[in-house]
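Asker: Please find work_30.csv (CSV, C-alpha atoms and all ligand atoms) on the next line:
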chain,number,residue,atom,x,y,z
C,1,MET,CA,8.4,-7.0,-31.9
C,2,PRO,CA,7.9,-9.4,-28.9
C,3,SER,CA,4.3,-10.4,-28.6
C,4,LEU,CA,2.1,-9.0,-25.8
C,5,LYS,CA,-0.5,-11.7,-26.3
C,6,GLY,CA,1.3,-14.4,-24.3
C,7,SER,CA,1.4,-18.1,-24.6
C,8,THR,CA,0.1,-20.6,-22.1
C,9,THR,CA,3.1,-22.9,-22.5
C,10,ALA,CA,5.4,-20.2,-21.3
C,11,ARG,CA,3.6,-20.1,-18.0
C,12,SER,CA,5.5,-23.0,-16.5
C,13,THR,CA,8.8,-21.1,-16.7
C,14,LEU,CA,7.7,-18.3,-14.3
C,15,LEU,CA,8.8,-19.1,-10.7
C,16,GLY,CA,5.8,-20.8,-9.1
C,17,ILE,CA,5.6,-18.6,-6.0
C,18,TYR,CA,2.2,-17.1,-6.9
C,19,ALA,CA,-1.0,-19.0,-7.7
C,20,PRO,CA,-2.8,-16.9,-10.3
C,21,PRO,CA,-6.0,-18.2,-11.9
C,22,ARG,CA,-5.9,-19.3,-15.5
C,23,GLU,CA,-7.1,-16.1,-17.2
C,24,LEU,CA,-4.4,-14.3,-19.2
C,25,PHE,CA,-4.9,-10.6,-19.2
C,26,VAL,CA,-4.0,-8.8,-22.4
C,27,ARG,CA,-5.7,-5.3,-22.0
C,28,GLY,CA,-6.8,-2.9,-19.3
C,29,GLU,CA,-9.4,-0.1,-19.5
C,30,GLY,CA,-10.2,1.9,-16.4
C,31,SER,CA,-11.7,-0.4,-13.8
C,32,TRP,CA,-11.7,-3.3,-16.3
C,33,LEU,CA,-9.2,-6.1,-17.3
C,34,ILE,CA,-9.8,-8.0,-20.5
C,35,ASP,CA,-8.5,-11.5,-21.0
C,36,SER,CA,-7.2,-13.2,-24.1
C,37,GLU,CA,-10.7,-14.5,-24.9
C,38,GLY,CA,-12.1,-10.9,-24.7
C,39,THR,CA,-13.9,-11.5,-21.4
C,40,ARG,CA,-14.2,-8.3,-19.3
C,41,PHE,CA,-13.4,-8.5,-15.6
C,42,LEU,CA,-14.3,-5.7,-13.1
C,43,ASP,CA,-11.0,-5.1,-11.3
C,44,PHE,CA,-11.5,-4.3,-7.6
C,45,THR,CA,-7.9,-5.2,-6.8
C,46,ALA,CA,-6.4,-2.3,-8.8
C,47,GLY,CA,-3.1,-4.3,-8.9
C,48,ILE,CA,-3.2,-4.5,-5.0
C,49,ALA,CA,-3.9,-0.7,-4.5
C,50,VAL,CA,-1.3,0.2,-7.2
C,51,ASN,CA,-3.5,1.4,-10.1
C,52,ALA,CA,-5.1,4.3,-8.3
C,53,LEU,CA,-6.2,5.9,-11.6
C,54,GLY,CA,-7.3,2.6,-13.2
C,55,HIS,CA,-5.8,0.8,-16.2
C,56,GLY,CA,-4.6,2.8,-19.2
C,57,ALA,CA,-5.0,6.1,-17.3
C,58,PRO,CA,-4.4,9.0,-19.7
C,59,VAL,CA,-2.4,10.9,-16.9
C,60,VAL,CA,0.0,8.0,-16.6
C,61,ARG,CA,0.2,7.3,-20.4
C,62,ASP,CA,0.9,11.0,-21.1
C,63,ALA,CA,3.5,11.3,-18.4
C,64,ILE,CA,5.3,8.2,-19.8
C,65,HIS,CA,5.3,9.7,-23.3
C,66,GLU,CA,6.5,13.1,-22.0
C,67,ALA,CA,9.4,11.4,-20.0
C,68,LEU,CA,10.4,9.3,-23.0
C,69,GLU,CA,10.7,12.5,-25.1
C,70,THR,CA,13.7,13.4,-23.1
C,71,GLY,CA,15.5,10.1,-23.8
C,72,LEU,CA,16.2,9.7,-20.1
C,73,ILE,CA,14.9,6.5,-18.6
C,74,HIS,CA,17.8,6.1,-16.1
C,75,THR,CA,21.0,7.8,-15.2
C,76,SER,CA,21.7,6.4,-11.7
C,77,ASN,CA,22.1,8.4,-8.6
C,78,LEU,CA,25.7,9.4,-9.6
C,79,PHE,CA,24.0,12.3,-11.4
C,80,ARG,CA,21.2,14.8,-10.8
C,81,THR,CA,18.0,14.7,-12.8
C,82,ALA,CA,15.1,17.1,-12.5
C,83,PRO,CA,12.1,14.8,-12.0
C,84,ALA,CA,13.2,13.3,-8.7
C,85,GLU,CA,14.1,16.7,-7.3
C,86,ALA,CA,10.7,18.1,-8.3
C,87,LEU,CA,8.8,15.1,-7.0
C,88,ALA,CA,10.7,15.2,-3.7
C,89,ALA,CA,9.8,18.8,-3.2
C,90,GLU,CA,6.2,18.1,-3.9
C,91,LEU,CA,6.0,15.2,-1.6
C,92,VAL,CA,7.6,17.2,1.2
C,93,GLY,CA,5.1,20.0,0.5
C,94,PHE,CA,2.2,17.5,0.9
C,95,THR,CA,3.6,15.9,4.1
C,96,PHE,CA,6.0,17.6,6.5
C,97,PRO,CA,9.4,19.4,6.2
C,98,GLY,CA,12.2,17.0,5.4
C,99,GLN,CA,13.8,15.1,2.6
C,100,VAL,CA,12.9,12.2,0.5
C,101,PHE,CA,14.7,8.9,-0.5
C,102,PHE,CA,13.4,7.0,-3.6
C,103,CYS,CA,13.6,3.3,-4.2
C,104,ASN,CA,11.7,0.7,-6.1
C,105,SER,CA,9.2,-1.1,-3.9
C,106,GLY,CA,7.5,-1.0,-0.6
C,107,ALA,CA,9.7,-3.5,1.2
C,108,GLU,CA,12.8,-1.6,0.0
C,109,ALA,CA,11.3,1.6,1.4
C,110,GLY,CA,10.6,-0.1,4.7
C,111,GLU,CA,14.1,-1.5,5.0
C,112,ALA,CA,15.5,2.0,4.3
C,113,ALA,CA,13.3,3.5,7.0
C,114,PHE,CA,14.7,1.0,9.5
C,115,LYS,CA,18.2,2.0,8.6
C,116,PHE,CA,17.4,5.7,8.8
C,117,ALA,CA,15.8,5.2,12.2
C,118,ARG,CA,18.9,3.5,13.5
C,119,ARG,CA,21.1,6.3,12.2
C,120,TRP,CA,18.9,8.9,13.8
C,121,THR,CA,18.8,7.1,17.2
C,122,GLY,CA,22.6,6.8,17.1
C,123,GLY,CA,23.0,3.1,16.4
C,124,GLY,CA,24.9,1.3,19.1
C,125,GLU,CA,22.5,-0.9,21.1
C,126,ARG,CA,19.5,1.0,19.7
C,127,THR,CA,18.6,-1.2,16.8
C,128,GLY,CA,15.2,-2.8,17.7
C,129,VAL,CA,11.8,-2.2,16.1
C,130,VAL,CA,8.4,-2.4,17.7
C,131,ALA,CA,5.7,-3.7,15.3
C,132,PHE,CA,2.0,-4.5,15.8
C,133,ARG,CA,-0.1,-7.5,15.7
C,134,GLY,CA,-1.9,-7.7,12.3
C,135,SER,CA,0.9,-5.8,10.5
C,136,PHE,CA,2.4,-6.3,7.1
C,137,HIS,CA,5.5,-4.4,6.0
C,138,GLY,CA,7.0,-6.6,3.2
C,139,ARG,CA,8.9,-9.7,2.4
C,140,LEU,CA,12.6,-8.8,2.9
C,141,PHE,CA,14.7,-9.7,5.9
C,142,GLY,CA,13.9,-6.6,7.9
C,143,THR,CA,10.3,-5.9,6.9
C,144,LEU,CA,9.4,-9.6,7.1
C,145,ALA,CA,10.7,-9.7,10.7
C,146,ALA,CA,8.3,-6.8,11.5
C,147,THR,CA,5.4,-8.6,9.7
C,148,ASP,CA,2.9,-10.5,11.9
C,149,ARG,CA,2.6,-13.6,9.7
C,150,PRO,CA,4.4,-16.5,11.3
C,151,ALA,CA,3.9,-18.6,8.1
C,152,TYR,CA,5.7,-16.0,6.0
C,153,ARG,CA,8.5,-15.6,8.5
C,154,GLU,CA,9.3,-18.9,10.0
C,155,PRO,CA,10.7,-20.8,6.9
C,156,PHE,CA,13.2,-18.0,6.4
C,157,GLU,CA,14.6,-17.3,9.9
C,158,PRO,CA,16.9,-15.9,11.1
C,159,LEU,CA,15.5,-12.5,10.1
C,160,MET,CA,16.4,-9.1,11.4
C,161,PRO,CA,16.7,-9.5,15.2
C,162,GLY,CA,15.2,-7.2,17.8
C,163,VAL,CA,11.5,-7.0,16.8
C,164,ARG,CA,9.0,-6.7,19.7
C,165,TRP,CA,5.2,-6.8,19.3
C,166,ALA,CA,2.5,-4.5,20.6
C,167,GLU,CA,-1.3,-4.4,20.2
C,168,VAL,CA,-3.0,-1.7,18.2
C,169,GLY,CA,-5.1,0.4,20.5
C,170,ASP,CA,-3.2,-0.6,23.6
C,171,ILE,CA,-0.7,2.1,24.4
C,172,GLU,CA,0.5,0.2,27.5
C,173,SER,CA,1.6,-2.7,25.3
C,174,VAL,CA,3.7,-0.2,23.3
C,175,ARG,CA,5.1,1.3,26.5
C,176,ALA,CA,6.1,-2.1,27.6
C,177,ALA,CA,7.7,-3.0,24.3
C,178,VAL,CA,9.6,0.3,23.7
C,179,ASP,CA,12.9,0.3,25.5
C,180,ARG,CA,14.9,3.6,25.5
C,181,GLY,CA,18.2,1.7,25.4
C,182,THR,CA,17.4,-0.8,22.6
C,183,THR,CA,14.5,0.5,20.5
C,184,ALA,CA,15.2,2.5,17.3
C,185,ALA,CA,11.7,2.6,15.8
C,186,VAL,CA,8.0,1.9,16.1
C,187,VAL,CA,6.4,1.0,12.8
C,188,LEU,CA,2.6,1.0,12.1
C,189,GLU,CA,0.2,1.1,9.2
C,190,PRO,CA,-2.5,3.7,10.0
C,191,VAL,CA,-4.9,1.4,8.2
C,192,GLN,CA,-3.7,-2.2,8.4
C,193,GLY,CA,-4.1,-3.7,5.0
C,194,GLU,CA,-3.1,-7.4,4.6
C,195,GLY,CA,-4.0,-7.9,8.3
C,196,GLY,CA,-7.7,-7.5,7.6
C,197,ILE,CA,-8.4,-3.8,6.6
C,198,ARG,CA,-8.3,-2.4,10.2
C,199,PRO,CA,-8.2,1.4,10.6
C,200,VAL,CA,-6.1,2.4,13.6
C,201,PRO,CA,-8.0,4.9,15.8
C,202,ALA,CA,-6.8,8.5,15.5
C,203,ASP,CA,-6.4,8.7,19.3
C,204,PHE,CA,-4.0,5.8,19.3
C,205,LEU,CA,-1.9,7.5,16.6
C,206,ARG,CA,-1.7,10.6,18.8
C,207,GLU,CA,-0.7,8.5,21.8
C,208,LEU,CA,2.0,6.7,19.8
C,209,ARG,CA,3.3,10.1,18.6
C,210,ALA,CA,3.6,11.3,22.1
C,211,LEU,CA,5.2,8.2,23.4
C,212,CYS,CA,7.8,8.1,20.6
C,213,THR,CA,8.6,11.8,21.1
C,214,GLU,CA,9.0,11.2,24.9
C,215,ARG,CA,11.3,8.1,24.4
C,216,GLU,CA,13.1,9.6,21.4
C,217,VAL,CA,12.2,6.7,19.2
C,218,ALA,CA,11.5,7.1,15.5
C,219,LEU,CA,7.8,6.7,14.6
C,220,ILE,CA,7.4,5.2,11.1
C,221,PHE,CA,4.0,5.2,9.4
C,222,ASP,CA,3.8,2.6,6.6
C,223,GLU,CA,1.2,4.2,4.1
C,224,ILE,CA,2.2,2.0,1.3
C,225,GLN,CA,-1.3,0.7,0.9
C,226,CYS,CA,-3.5,3.3,2.7
C,227,GLY,CA,-1.6,6.4,1.5
C,228,LEU,CA,-1.9,8.7,-1.6
C,229,GLY,CA,-5.7,9.2,-1.6
C,230,ARG,CA,-6.9,5.7,-0.8
C,231,THR,CA,-8.7,6.8,2.4
C,232,GLY,CA,-10.2,10.0,0.9
C,233,ASP,CA,-7.4,12.0,2.6
C,234,LEU,CA,-4.1,12.3,0.8
C,235,PHE,CA,-2.5,10.4,3.7
C,236,ALA,CA,-4.3,8.4,6.4
C,237,PHE,CA,-2.3,9.9,9.2
C,238,GLU,CA,-3.7,13.4,8.4
C,239,ALA,CA,-7.0,12.6,10.2
C,240,ALA,CA,-5.1,12.2,13.5
C,241,GLY,CA,-3.4,15.6,13.2
C,242,VAL,CA,0.1,14.2,13.9
C,243,THR,CA,3.1,13.4,11.6
C,244,PRO,CA,5.6,10.6,11.8
C,245,ASP,CA,9.4,10.8,11.8
C,246,LEU,CA,9.5,8.6,8.7
C,247,LEU,CA,6.7,8.0,6.1
C,248,VAL,CA,7.0,5.0,3.8
C,249,LEU,CA,5.2,5.0,0.5
C,250,ALA,CA,5.1,2.8,-2.6
C,251,LYS,CA,2.2,1.0,-4.3
C,252,PRO,CA,0.3,3.7,-6.2
C,253,LEU,CA,3.1,6.2,-6.3
C,254,GLY,CA,4.6,5.2,-9.7
C,255,GLY,CA,1.3,4.8,-11.6
C,256,GLY,CA,2.1,1.1,-12.0
C,257,LEU,CA,5.8,1.5,-12.5
C,258,PRO,CA,7.9,0.2,-9.5
C,259,MET,CA,8.6,3.0,-7.1
C,260,GLY,CA,9.0,3.4,-3.3
C,261,ALA,CA,9.8,6.4,-1.2
C,262,VAL,CA,10.6,7.4,2.3
C,263,VAL,CA,9.9,10.9,3.5
C,264,LEU,CA,12.3,11.7,6.4
C,265,ALA,CA,11.4,14.5,8.8
C,266,ARG,CA,14.1,17.1,8.9
C,267,HIS,CA,15.7,15.9,12.2
C,268,VAL,CA,16.0,12.4,10.8
C,269,ALA,CA,17.3,13.5,7.4
C,270,ALA,CA,20.0,15.6,9.2
C,271,ALA,CA,21.5,12.4,10.7
C,272,MET,CA,22.1,10.9,7.3
C,273,ARG,CA,25.5,11.2,5.5
C,274,PRO,CA,26.5,10.6,1.9
C,275,GLY,CA,27.1,6.9,1.4
C,276,ASP,CA,24.8,5.8,4.2
C,277,HIS,CA,22.4,4.1,1.9
C,278,GLY,CA,21.8,3.7,-1.9
C,279,THR,CA,20.1,2.1,-4.8
C,280,THR,CA,20.9,1.9,-8.5
C,281,PHE,CA,17.4,2.5,-9.9
C,282,GLY,CA,15.7,4.7,-7.2
C,283,GLY,CA,14.1,7.9,-8.4
C,284,GLY,CA,15.0,7.5,-12.0
C,285,PRO,CA,13.7,10.3,-14.3
C,286,LEU,CA,11.0,8.2,-16.1
C,287,VAL,CA,9.4,6.8,-13.0
C,288,ALA,CA,9.8,10.1,-11.0
C,289,HIS,CA,8.1,12.1,-13.8
C,290,VAL,CA,5.2,9.6,-13.8
C,291,ALA,CA,4.9,9.7,-10.0
C,292,ARG,CA,4.7,13.4,-10.0
C,293,ALA,CA,1.8,13.3,-12.4
C,294,VAL,CA,0.1,10.7,-10.2
C,295,LEU,CA,0.8,12.7,-7.0
C,296,ARG,CA,-0.6,15.9,-8.5
C,297,THR,CA,-3.7,14.1,-9.7
C,298,VAL,CA,-4.6,12.3,-6.4
C,299,ALA,CA,-3.7,15.3,-4.3
C,300,ALA,CA,-6.2,17.6,-6.0
C,301,PRO,CA,-8.9,18.5,-3.5
C,302,SER,CA,-11.6,17.8,-6.0
C,303,PHE,CA,-10.2,14.3,-6.7
C,304,LEU,CA,-10.1,13.5,-2.9
C,305,ALA,CA,-13.6,14.8,-2.6
C,306,GLY,CA,-14.6,12.4,-5.4
C,307,VAL,CA,-12.9,9.5,-3.5
C,308,ARG,CA,-14.9,10.3,-0.4
C,309,GLU,CA,-18.1,10.5,-2.4
C,310,LYS,CA,-17.5,7.1,-4.0
C,311,ALA,CA,-16.5,5.7,-0.6
C,312,GLU,CA,-19.8,6.7,0.8
C,313,HIS,CA,-21.6,5.0,-2.1
C,314,LEU,CA,-19.5,1.9,-1.5
C,315,ASP,CA,-20.3,1.9,2.2
C,316,HIS,CA,-24.0,2.1,1.4
C,317,ALA,CA,-23.7,-0.8,-1.0
C,318,LEU,CA,-21.7,-2.9,1.5
C,319,ASP,CA,-24.2,-2.1,4.2
C,320,GLY,CA,-27.0,-3.3,2.0
C,321,ILE,CA,-25.2,-6.6,1.4
C,322,VAL,CA,-24.6,-7.1,5.2
C,323,GLN,CA,-28.2,-6.3,6.0
C,324,GLU,CA,-29.4,-9.0,3.5
C,325,GLY,CA,-27.8,-11.7,5.6
C,326,ILE,CA,-26.4,-13.6,2.7
C,327,GLY,CA,-23.0,-14.5,4.1
C,328,ALA,CA,-21.4,-11.1,4.8
C,329,THR,CA,-21.4,-10.2,8.5
C,330,ALA,CA,-19.7,-6.8,8.6
C,331,PHE,CA,-17.6,-4.4,6.7
C,332,ARG,CA,-14.8,-2.0,7.8
C,333,GLY,CA,-12.1,0.3,6.4
C,334,ARG,CA,-11.7,3.8,5.3
C,335,GLY,CA,-12.3,5.5,1.9
C,336,LEU,CA,-11.9,3.1,-1.0
C,337,MET,CA,-10.1,0.5,1.2
C,338,LYS,CA,-12.7,-1.8,2.5
C,339,GLY,CA,-12.9,-5.2,4.0
C,340,LEU,CA,-16.1,-7.3,3.9
C,341,VAL,CA,-16.1,-10.0,6.7
C,342,VAL,CA,-17.7,-13.2,5.4
C,343,ASP,CA,-18.9,-16.3,7.2
C,344,ARG,CA,-16.8,-18.7,5.1
C,345,PRO,CA,-13.3,-18.8,3.7
C,346,ALA,CA,-12.6,-15.5,2.0
C,347,SER,CA,-10.7,-17.5,-0.7
C,348,ASP,CA,-14.0,-19.3,-1.7
C,349,VAL,CA,-15.7,-15.9,-2.2
C,350,VAL,CA,-12.8,-14.5,-4.1
C,351,ALA,CA,-12.9,-17.6,-6.4
C,352,ALA,CA,-16.7,-17.3,-6.8
C,353,ALA,CA,-16.4,-13.6,-7.6
C,354,ARG,CA,-13.9,-14.4,-10.3
C,355,GLU,CA,-16.6,-16.7,-11.8
C,356,GLU,CA,-18.8,-13.6,-11.8
C,357,ARG,CA,-16.0,-11.6,-13.5
C,358,LEU,CA,-15.2,-9.5,-10.5
C,359,LEU,CA,-11.6,-9.5,-9.3
C,360,LEU,CA,-11.0,-9.3,-5.6
C,361,CYS,CA,-8.3,-10.3,-3.1
C,362,SER,CA,-8.6,-11.4,0.5
C,363,ALA,CA,-7.1,-9.8,3.7
C,364,GLY,CA,-6.8,-12.7,6.0
C,365,ALA,CA,-8.9,-15.9,6.4
C,366,ASP,CA,-12.4,-14.3,6.4
C,367,VAL,CA,-12.1,-10.9,4.9
C,368,ILE,CA,-12.5,-10.0,1.3
C,369,ARG,CA,-10.7,-6.8,0.3
C,370,LEU,CA,-12.1,-4.1,-2.0
C,371,LEU,CA,-9.5,-1.8,-3.5
C,372,PRO,CA,-11.1,-0.3,-6.6
C,373,PRO,CA,-9.3,2.4,-8.6
C,374,LEU,CA,-9.8,5.7,-6.9
C,375,ASN,CA,-11.7,7.0,-10.0
C,376,VAL,CA,-14.1,4.1,-10.1
C,377,SER,CA,-17.6,5.1,-11.1
C,378,GLU,CA,-20.7,4.8,-8.9
C,379,ALA,CA,-22.2,2.5,-11.6
C,380,GLU,CA,-19.2,0.3,-11.3
C,381,ILE,CA,-19.6,0.1,-7.5
C,382,ASP,CA,-23.2,-0.9,-8.0
C,383,ASP,CA,-22.1,-3.5,-10.5
C,384,ALA,CA,-19.5,-4.9,-8.2
C,385,ALA,CA,-22.0,-5.1,-5.3
C,386,ASP,CA,-24.3,-7.2,-7.5
C,387,ARG,CA,-21.5,-9.5,-8.5
C,388,ILE,CA,-20.5,-9.8,-4.8
C,389,ARG,CA,-24.1,-10.9,-4.0
C,390,ARG,CA,-24.0,-13.5,-6.7
C,391,ALA,CA,-20.6,-14.7,-5.5
C,392,LEU,CA,-21.9,-15.1,-2.0
C,393,GLU,CA,-24.8,-17.2,-3.4
C,394,ARG,CA,-22.4,-19.2,-5.5
C,395,SER,CA,-20.1,-19.9,-2.6
C,396,ALA,CA,-22.8,-20.6,0.0
C,401,LIG,C1,2.4,-4.1,-0.1
C,401,LIG,C2,2.8,-3.6,1.2
C,401,LIG,C3,4.2,-3.6,1.5
C,401,LIG,C4,5.2,-4.2,0.6
C,401,LIG,O1,5.4,-3.6,-0.6
C,401,LIG,P1,6.1,-4.3,-1.8
C,401,LIG,O2,6.2,-3.3,-2.9
C,401,LIG,O3,5.3,-5.5,-2.1
C,401,LIG,O4,7.5,-4.7,-1.3
C,401,LIG,C5,4.5,-3.0,2.7
C,401,LIG,N1,3.6,-2.5,3.5
C,401,LIG,C6,2.3,-2.4,3.2
C,401,LIG,C7,1.4,-1.8,4.2
C,401,LIG,C8,1.9,-3.0,2.1
C,401,LIG,O5,0.6,-3.0,1.8
I need this file expressed as structure tokens, please.
Answerer:
Amino acid sequence: MPSLKGSTTARSTLLGIYAPPRELFVRGEGSWLIDSEGTRFLDFTAGIAVNALGHGAPVVRDAIHEALETGLIHTSNLFRTAPAEALAAELVGFTFPGQVFFCNSGAEAGEAAFKFARRWTGGGERTGVVAFRGSFHGRLFGTLAATDRPAYREPFEPLMPGVRWAEVGDIESVRAAVDRGTTAAVVLEPVQGEGGIRPVPADFLRELRALCTEREVALIFDEIQCGLGRTGDLFAFEAAGVTPDLLVLAKPLGGGLPMGAVVLARHVAAAMRPGDHGTTFGGGPLVAHVARAVLRTVAAPSFLAGVREKAEHLDHALDGIVQEGIGATAFRGRGLMKGLVVDRPASDVVAAAREERLLLCSAGADVIRLLPPLNVSEAEIDDAADRIRRALERSA
């Protein structure tokens, strides 16, 4: 059996594009990660909003075991398997009438959505995408082009051409950017994640919906980070009472296994033909069975009510920290997706929090991002708040 314990010398053979701290994690239990020395870390990254049910979740573990019983991990999309069909039907039931495409990551789902939008608008000159300041949609050539991070984009240009920029909350800027002759899609995160945890006002989502309908442009909501229960609603767009033409999902969907999905509204799906797009692994029976278990769990009204209760508890704790005037100046976000604005580099606070055995990530230069598992306990939230206080003292 290959060892799961790891070796520090093997580290240098992993491509050096990430900069992880030195701890080597060997176990996970709920909201906790345990390193090779037995030290327990409170994990408020949840694998960047992936581990919605925490580490070692029985729902995920049981679903993996059930799926393995069939002996089917992968068949390819040359053939039908039941889990993908069942999952697609459930996703449509929870969103809007249409069809679902499965893939293996967020960026892949975003790229697919751009292709689908072009197909629906009829191709030709209509290939452009309107994206927003503060956005993040992935690191591939199309999604990166629509990501407002010049430092990520510029070394790899030329990317997908035809991206125009608009400002969240400013419908006139969208009106100016959307061109009936050349725009295929408008893409937006209903709560911007990497860009600093910025909820988009519901009014603006409604204005966008109306504009896209009027100009016959595809409206894409990227709920890769904010979807599937994170905001306390199953999907963040629900609060606005509108639906997109294309909904892009990934992060928590596969319970930690790689999975992305695009839900296409019926009219967009109707424009697609066999052979228009494809992926070898997408929607395989193992991952689809696990995703169905995750979806059913997070979609349960009692589970979502629990997320809202915990979110209120977290808001209260963060408000307390801000009131204390110890280096945090504000907080924002929805549900269990929160950004705490700090008066120093966020990376310093993230590093200090790790010294306090609390795992966090940042969202921009001065925002620390809190993404606990959706089943985090109130005691763990209080514990995290204390560790944040100590991290602020430590990094002062
Ligand atoms: C993480 C993320 C992506 C990219 O997903 P990957 O699986 O890393 O490709 C796209 N959009 C949003 C909003 C994200 O948070």
Asker: Please identify all polymer residues within 8 Å of segment 224-229 of chain C, counting all atoms listed in the file, omitting same-chain residues fewer than 6 positions from it, and present them as a short mmCIF file (atom, residue, chain, number, x, y, z; two decimals) with C-alpha atoms, in the coordinates of the input.
Answerer:
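Heads up, here's the output in selection31.cif:
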data_model
loop_
_atom_site.label_atom_id
_atom_site.label_comp_id
_atom_site.auth_asym_id
_atom_site.auth_seq_id
_atom_site.Cartn_x
_atom_site.Cartn_y
_atom_site.Cartn_z
CA ALA C 49 -3.90 -0.70 -4.50
CA GLY C 106 7.50 -1.00 -0.60
CA GLU C 189 0.20 1.10 9.20
CA PRO C 190 -2.50 3.70 10.00
CA VAL C 191 -4.90 1.40 8.20
CA GLN C 192 -3.70 -2.20 8.40
CA GLY C 193 -4.10 -3.70 5.00
CA PHE C 235 -2.50 10.40 3.70
CA ALA C 236 -4.30 8.40 6.40
CA VAL C 248 7.00 5.00 3.80
CA LEU C 249 5.20 5.00 0.50
CA ALA C 250 5.10 2.80 -2.60
CA LYS C 251 2.20 1.00 -4.30
CA PRO C 252 0.30 3.70 -6.20
CA LEU C 253 3.10 6.20 -6.30
CA LEU C 295 0.80 12.70 -7.00
CA VAL C 298 -4.60 12.30 -6.40
CA ALA C 299 -3.70 15.30 -4.30
CA LEU C 304 -10.10 13.50 -2.90
CA VAL C 307 -12.90 9.50 -3.50
CA MET C 337 -10.10 0.50 1.20
CA LEU C 374 -9.80 5.70 -6.90
#
Asker: Determine, counting only C-alpha atoms, which protein, DNA and RNA residues have an atom within 10 Å of an atom of segment 51-63 of chain C; residues of the same chain fewer than 4 positions away are not included. Present the result as a PDB file with C-alpha atoms, in the coordinates of the input.
Answerer:
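Result went into around24.pdb, see below:
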ATOM      1  CA  ARG C  27      -5.700  -5.300 -22.000  1.00  0.00           C
ATOM      2  CA  GLY C  28      -6.800  -2.900 -19.300  1.00  0.00           C
ATOM      3  CA  GLU C  29      -9.400  -0.100 -19.500  1.00  0.00           C
ATOM      4  CA  GLY C  30     -10.200   1.900 -16.400  1.00  0.00           C
ATOM      5  CA  SER C  31     -11.700  -0.400 -13.800  1.00  0.00           C
ATOM      6  CA  TRP C  32     -11.700  -3.300 -16.300  1.00  0.00           C
ATOM      7  CA  LEU C  33      -9.200  -6.100 -17.300  1.00  0.00           C
ATOM      8  CA  ASP C  43     -11.000  -5.100 -11.300  1.00  0.00           C
ATOM      9  CA  PHE C  44     -11.500  -4.300  -7.600  1.00  0.00           C
ATOM     10  CA  THR C  45      -7.900  -5.200  -6.800  1.00  0.00           C
ATOM     11  CA  ALA C  46      -6.400  -2.300  -8.800  1.00  0.00           C
ATOM     12  CA  GLY C  47      -3.100  -4.300  -8.900  1.00  0.00           C
ATOM     13  CA  ALA C  67       9.400  11.400 -20.000  1.00  0.00           C
ATOM     14  CA  LEU C  68      10.400   9.300 -23.000  1.00  0.00           C
ATOM     15  CA  GLU C  69      10.700  12.500 -25.100  1.00  0.00           C
ATOM     16  CA  LEU C 228      -1.900   8.700  -1.600  1.00  0.00           C
ATOM     17  CA  GLY C 229      -5.700   9.200  -1.600  1.00  0.00           C
ATOM     18  CA  ARG C 230      -6.900   5.700  -0.800  1.00  0.00           C
ATOM     19  CA  LYS C 251       2.200   1.000  -4.300  1.00  0.00           C
ATOM     20  CA  PRO C 252       0.300   3.700  -6.200  1.00  0.00           C
ATOM     21  CA  LEU C 253       3.100   6.200  -6.300  1.00  0.00           C
ATOM     22  CA  GLY C 254       4.600   5.200  -9.700  1.00  0.00           C
ATOM     23  CA  GLY C 255       1.300   4.800 -11.600  1.00  0.00           C
ATOM     24  CA  GLY C 256       2.100   1.100 -12.000  1.00  0.00           C
ATOM     25  CA  LEU C 257       5.800   1.500 -12.500  1.00  0.00           C
ATOM     26  CA  LEU C 286      11.000   8.200 -16.100  1.00  0.00           C
ATOM     27  CA  VAL C 287       9.400   6.800 -13.000  1.00  0.00           C
ATOM     28  CA  ALA C 288       9.800  10.100 -11.000  1.00  0.00           C
ATOM     29  CA  HIS C 289       8.100  12.100 -13.800  1.00  0.00           C
ATOM     30  CA  VAL C 290       5.200   9.600 -13.800  1.00  0.00           C
ATOM     31  CA  ALA C 291       4.900   9.700 -10.000  1.00  0.00           C
ATOM     32  CA  ARG C 292       4.700  13.400 -10.000  1.00  0.00           C
ATOM     33  CA  ALA C 293       1.800  13.300 -12.400  1.00  0.00           C
ATOM     34  CA  VAL C 294       0.100  10.700 -10.200  1.00  0.00           C
ATOM     35  CA  ARG C 296      -0.600  15.900  -8.500  1.00  0.00           C
ATOM     36  CA  THR C 297      -3.700  14.100  -9.700  1.00  0.00           C
ATOM     37  CA  VAL C 298      -4.600  12.300  -6.400  1.00  0.00           C
ATOM     38  CA  LEU C 371      -9.500  -1.800  -3.500  1.00  0.00           C
ATOM     39  CA  PRO C 372     -11.100  -0.300  -6.600  1.00  0.00           C
ATOM     40  CA  PRO C 373      -9.300   2.400  -8.600  1.00  0.00           C
ATOM     41  CA  LEU C 374      -9.800   5.700  -6.900  1.00  0.00           C
ATOM     42  CA  ASN C 375     -11.700   7.000 -10.000  1.00  0.00           C
ATOM     43  CA  VAL C 376     -14.100   4.100 -10.100  1.00  0.00           C
TER      44      VAL C 376
END
Asker: Which residue is closest to ligand LIG 401 (chain C)? Choose from C:Leu140, C:Val200, C:Ala218, C:Leu336 and count all atoms listed in the file.
Answerer: C:Leu140
Asker: So the first atom is atom CA of Thr182 of chain C and the second is atom CA of Arg118 of chain C; what is the distance between them in Å, to one decimal place?
Answerer: 10.2 Å
Asker: Dump as a PyMOL selection string all residues having an atom at most 12 Å from (9.7, 4.4, 22.3), computed in the file's coordinates with all atoms listed in the file.
Answerer: chain C and resi 117+121+126-131+164+166+171-187+207-220
Asker: What does the structure give for the distance between atom CA of Pro97 of chain C and atom CA of Val163 of chain C, in Å to one decimal?
Answerer: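 That distance, rounded to one decimal, is 28.5 Å.
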